[in-house]
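Colleague: Structure provided below as structure tokens; questions to follow.
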Amino acid sequence: MSKIAILGYGTVGSGVFCVLRENKDLIARRAGEAVEVKYVLDLREFPGDPVEDVLVHDFDIIKNDPEVEIVAEVMGGTGAAYKFVKASLEAGKSVCTSNKALVAEYGRELMAIAEEKGLCFLFEASCGGVIPIIRAINESLTADELDEVSGILNGTTNYILDQMNRCGKDFGDALKEAQEKGYAEADPSADVEGHDTCRKLAILSSLAYGKCVNYKDIDTEGITAITREDIEYARAMGRRIKLLGTSRRTPDGVYAIVAPFLVEENNPLYGIEDVYNAVFVHGNMAGSLMFYGSGAGKLPTASAVTADIIEIVRNRGHKVPTNWTSESLCLEDTALITGRFFVRVRDLTHGEIEELFGEAETFETEHLLDEIGIITPNMTQEAFRAIAGKLGDRLIKMIRIKD
Ligand code: HSE
């Protein structure tokens with residue numbers, strides 16, 4: 001019998017409690033022994049909820065109980081979560097977590113403690129919800145040099161953009177719905193400003209390229225500036241706007257960026273709807289792979305956390321390997337990345353457009369008569385910024401094109 005503690009009884013914590021009860025027998029078979037929740041830590045009371053029997057308010061009870069072998073941290077944040085996870089590892093308990101902020105900030109340090117003590121520190125649910133992308137990179141694609149990890153890594157923003165793209169909803173209503181469904185972070189700015197995607201991209205890139213990618217080095221733009229007008233243009237171009245996190249190996253190093261991109265219909269990311277996430281990985285031997293599944297939500301995320309618990313029980317006494325070393329990866333300057341840009345401009349003649357951008361595709365929409373949409377030819381971000389400087393307030397909006 002393996003005894004565990006769950007830190008946090010919010011959306012994910014109550015999901016883990018539920019998965020462990022609902023699938024108790026099959027989990028025992030797969031883990032090789034029964035898994036019992038001895039404690040759930042939360043500051044709140046839950047009268048009438050079955051968790052009452054195991055609810056505690058003091059972390060020290062968990063830390064000091066030698067029977068507790070595994071701690072599942074699903075509180076979120078980097079304050080108490082970091083303190084409790086570190087203390088759990090130091091007290092000889094393996095840990096799994098769904099907390100991307102914690103893993104992006106302290107992942108390598110916590111992994112080092114786990115390695116030194118012969119414990120596990122697993123974080124499958126921290127990226128892409130239920131998608132088993134971390135296990136795939138760590139354990140399946142080990143024969144490959146990975147040269148790209150890209151995708152839709154945030155369920156909330158995909159839900160919002162999908163509602164805007166397909167149902168014509170406005171940003172505020174779609175965000176409210178995502179919050180009601182339990183997809184959003186406690187502070188939804190982490191989702192809509194792209195910070196959540198940024199941290200997930202840092203984790204996946206650290207695993208893919210084998211060196212620490214500091215999330216603070218990743219250029220990050222969210223979706224708060226996306227308007228109905230942008231969506232109208234996207235439709236006119238047969239594209240959809242998606243928040244993507246992308247890191248790629250180039251001859252000069254690795255770059256990483258988080259931003260909204262215009263994705264065309266024949267790209268597999270175009271059709272990723274609702275709260276789903278998709279991660280594209282390219283390896284020098286394996287070629288292209290796509291992983292798809294629920295990126296947020298109580299039970300899908302809880303399923304991934306519980307699978308880590310089972311993995312820890314199965315691997316008792318063994319190290320679960322990772323390619324993520326403590327060496328830092330210095331990212332390339334995104335100013336030098338080339339791509340095409342969609343821009344909305346006003347007060348510009350076709351002659352001036354050609355003079356500034358060279359051969360550019362133009363689009364007009366039914367309702368936005370005093371402006372024009374342009375897809376630029378390939379250019380570096382630096383070159384684009386120079387042109388944007390010349391345009392001043394005649395530039396209404398820029399969104400990158402996903403090629
Ligand atoms: N707020 C996150 C998302 C939760 O929407 O993807 C899962 O990480």
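By convention here, the chains of the structure tokens are called A, B, ... in the order presented, each chain's residues are numbered starting at 1, and ligands are numbered starting at 1 in the order presented.
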For ligand 1, collect every residue having any atom at a distance of at most 6 Å from a ligand atom (counting only C-alpha atoms and all ligand atoms); output as JSON, numbers by chain.

Modeller: {"A": [129, 154, 155, 156, 183, 184, 185, 191, 295, 296]}

Colleague: I need the residues from that last selection saved to file as a PDB file, in the first residue's frame (with all heavy atoms), if you can.

Modeller:
ATOM      1  N   GLY A 129      -1.839  19.750 -20.240  1.00  0.00           N
ATOM      2  CA  GLY A 129      -2.893  19.007 -19.529  1.00  0.00           C
ATOM      3  C   GLY A 129      -2.642  17.511 -19.572  1.00  0.00           C
ATOM      4  O   GLY A 129      -1.619  17.015 -19.107  1.00  0.00           O
ATOM      5  N   ASN A 154      -2.060  26.420 -24.197  1.00  0.00           N
ATOM      6  CA  ASN A 154      -2.941  26.986 -23.168  1.00  0.00           C
ATOM      7  C   ASN A 154      -4.394  26.792 -23.569  1.00  0.00           C
ATOM      8  O   ASN A 154      -4.834  27.298 -24.616  1.00  0.00           O
ATOM      9  CB  ASN A 154      -2.618  28.474 -22.969  1.00  0.00           C
ATOM     10  CG  ASN A 154      -3.467  29.103 -21.883  1.00  0.00           C
ATOM     11  OD1 ASN A 154      -4.539  29.628 -22.148  1.00  0.00           O
ATOM     12  ND2 ASN A 154      -3.021  29.013 -20.641  1.00  0.00           N
ATOM     13  N   GLY A 155      -5.125  26.051 -22.739  1.00  0.00           N
ATOM     14  CA  GLY A 155      -6.511  25.729 -23.058  1.00  0.00           C
ATOM     15  C   GLY A 155      -7.424  26.942 -23.004  1.00  0.00           C
ATOM     16  O   GLY A 155      -8.306  27.116 -23.841  1.00  0.00           O
ATOM     17  N   THR A 156      -7.206  27.805 -22.009  1.00  0.00           N
ATOM     18  CA  THR A 156      -8.077  28.975 -21.830  1.00  0.00           C
ATOM     19  C   THR A 156      -8.050  29.878 -23.060  1.00  0.00           C
ATOM     20  O   THR A 156      -9.094  30.281 -23.579  1.00  0.00           O
ATOM     21  CB  THR A 156      -7.619  29.761 -20.579  1.00  0.00           C
ATOM     22  OG1 THR A 156      -7.712  28.881 -19.467  1.00  0.00           O
ATOM     23  CG2 THR A 156      -8.464  30.986 -20.336  1.00  0.00           C
ATOM     24  N   TYR A 183     -11.099  26.298 -16.483  1.00  0.00           N
ATOM     25  CA  TYR A 183      -9.893  26.189 -17.310  1.00  0.00           C
ATOM     26  C   TYR A 183      -8.833  27.213 -16.927  1.00  0.00           C
ATOM     27  O   TYR A 183      -7.642  26.958 -17.054  1.00  0.00           O
ATOM     28  CB  TYR A 183     -10.226  26.418 -18.797  1.00  0.00           C
ATOM     29  CG  TYR A 183     -11.255  25.500 -19.386  1.00  0.00           C
ATOM     30  CD1 TYR A 183     -12.078  25.922 -20.425  1.00  0.00           C
ATOM     31  CD2 TYR A 183     -11.391  24.188 -18.928  1.00  0.00           C
ATOM     32  CE1 TYR A 183     -13.016  25.080 -20.992  1.00  0.00           C
ATOM     33  CE2 TYR A 183     -12.333  23.344 -19.478  1.00  0.00           C
ATOM     34  CZ  TYR A 183     -13.150  23.792 -20.510  1.00  0.00           C
ATOM     35  OH  TYR A 183     -14.078  22.970 -21.066  1.00  0.00           O
ATOM     36  N   ALA A 184      -9.313  28.396 -16.505  1.00  0.00           N
ATOM     37  CA  ALA A 184      -8.375  29.512 -16.346  1.00  0.00           C
ATOM     38  C   ALA A 184      -7.580  29.411 -15.044  1.00  0.00           C
ATOM     39  O   ALA A 184      -7.997  28.747 -14.094  1.00  0.00           O
ATOM     40  CB  ALA A 184      -9.156  30.823 -16.375  1.00  0.00           C
ATOM     41  N   GLU A 185      -6.434  30.084 -15.036  1.00  0.00           N
ATOM     42  CA  GLU A 185      -5.643  30.209 -13.809  1.00  0.00           C
ATOM     43  C   GLU A 185      -6.405  31.106 -12.831  1.00  0.00           C
ATOM     44  O   GLU A 185      -7.287  31.867 -13.232  1.00  0.00           O
ATOM     45  CB  GLU A 185      -4.292  30.862 -14.134  1.00  0.00           C
ATOM     46  CG  GLU A 185      -3.409  30.042 -15.045  1.00  0.00           C
ATOM     47  CD  GLU A 185      -3.103  28.672 -14.482  1.00  0.00           C
ATOM     48  OE1 GLU A 185      -2.611  28.581 -13.356  1.00  0.00           O
ATOM     49  OE2 GLU A 185      -3.379  27.679 -15.175  1.00  0.00           O
ATOM     50  N   ASP A 191      -2.924  33.465 -18.281  1.00  0.00           N
ATOM     51  CA  ASP A 191      -3.344  32.806 -19.528  1.00  0.00           C
ATOM     52  C   ASP A 191      -3.328  33.802 -20.683  1.00  0.00           C
ATOM     53  O   ASP A 191      -2.636  33.589 -21.677  1.00  0.00           O
ATOM     54  CB  ASP A 191      -4.775  32.249 -19.388  1.00  0.00           C
ATOM     55  CG  ASP A 191      -4.888  31.165 -18.337  1.00  0.00           C
ATOM     56  OD1 ASP A 191      -4.227  30.135 -18.507  1.00  0.00           O
ATOM     57  OD2 ASP A 191      -5.629  31.345 -17.365  1.00  0.00           O
ATOM     58  N   GLY A 295      -6.177  20.307 -22.815  1.00  0.00           N
ATOM     59  CA  GLY A 295      -5.062  21.047 -22.232  1.00  0.00           C
ATOM     60  C   GLY A 295      -5.341  21.608 -20.854  1.00  0.00           C
ATOM     61  O   GLY A 295      -4.448  22.122 -20.195  1.00  0.00           O
ATOM     62  N   ALA A 296      -6.590  21.530 -20.412  1.00  0.00           N
ATOM     63  CA  ALA A 296      -6.951  22.050 -19.094  1.00  0.00           C
ATOM     64  C   ALA A 296      -8.221  21.341 -18.655  1.00  0.00           C
ATOM     65  O   ALA A 296      -8.795  20.556 -19.411  1.00  0.00           O
ATOM     66  CB  ALA A 296      -7.169  23.566 -19.171  1.00  0.00           C
TER      67      ALA A 296
END

Colleague: Residues near range 382-384 of chain A, anyone? I mean within 12 Å using only C-alpha atoms, not counting same-chain ones fewer than 2 positions away, as an MDAnalysis selection string.

Modeller: chainID A and resid 333:343 356:357 375:380 386:391 395 398:400

Colleague: Write out as a list in words each polymer residue whose atoms come within 7 Å of range 194-206 of chain A, counting only C-alpha atoms; drop sequence neighbours fewer than 3 positions from it.

Modeller: Lys100, Ala101, Ala104, Cys127, Val149, Leu153, Asn154, Ala190, Asp191, Tyr209, Gly210, Lys211, Cys212, Val213, Asn214, Tyr215, Ile218, Thr220, Glu221, Gly222, Gly245, Ser247, Val258 and Trp324 of chain A

Colleague: What is the distance between CA of Asp219 in chain A and CA of Val281 in chain A, in Å to one decimal?

Modeller: 20.0 Å

Colleague: With only C-alpha atoms as the atoms that count, which of A:Val37, A:Asn284, A:Val263, A:Pro66 lies nearest to Arg21 in chain A?

Modeller: A:Val37

Colleague: If DSSP is run on the backbone, what residues of range 59-303 of chain A are strand (DSSP E)? A reply as a PyMOL selection string would be ideal.

Modeller: chain A and resi 68-73+94-97+121-122+146-152+219-220+239-250+253-264+276-283+287-294

Colleague: Show me, as a list in words, the residues that have an atom within 12 Å of Asp25 in chain A when counting only C-alpha atoms, minus same-chain residues fewer than 5 positions from it.

Modeller: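 In the requested form, the answer reads Val19, Leu20, Arg30, Ala31, Gly32, Glu33, Ala34, Val35 and Glu36 of chain A.
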
Colleague: Please dump the current selection as a PDB file, in the first residue's frame; keep C-alpha atoms.

Modeller:
ATOM      1  CA  VAL A  19      -9.663   9.814 -10.042  1.00  0.00           C
ATOM      2  CA  LEU A  20      -7.998   7.875  -7.202  1.00  0.00           C
ATOM      3  CA  ARG A  30      -1.291  -0.891 -12.607  1.00  0.00           C
ATOM      4  CA  ALA A  31       0.738   0.484  -9.718  1.00  0.00           C
ATOM      5  CA  GLY A  32       1.236  -3.036  -8.331  1.00  0.00           C
ATOM      6  CA  GLU A  33      -0.300  -2.010  -4.983  1.00  0.00           C
ATOM      7  CA  ALA A  34      -3.137   0.092  -3.587  1.00  0.00           C
ATOM      8  CA  VAL A  35      -2.716   3.862  -3.500  1.00  0.00           C
ATOM      9  CA  GLU A  36      -4.372   5.554  -0.537  1.00  0.00           C
TER      10      GLU A  36
END
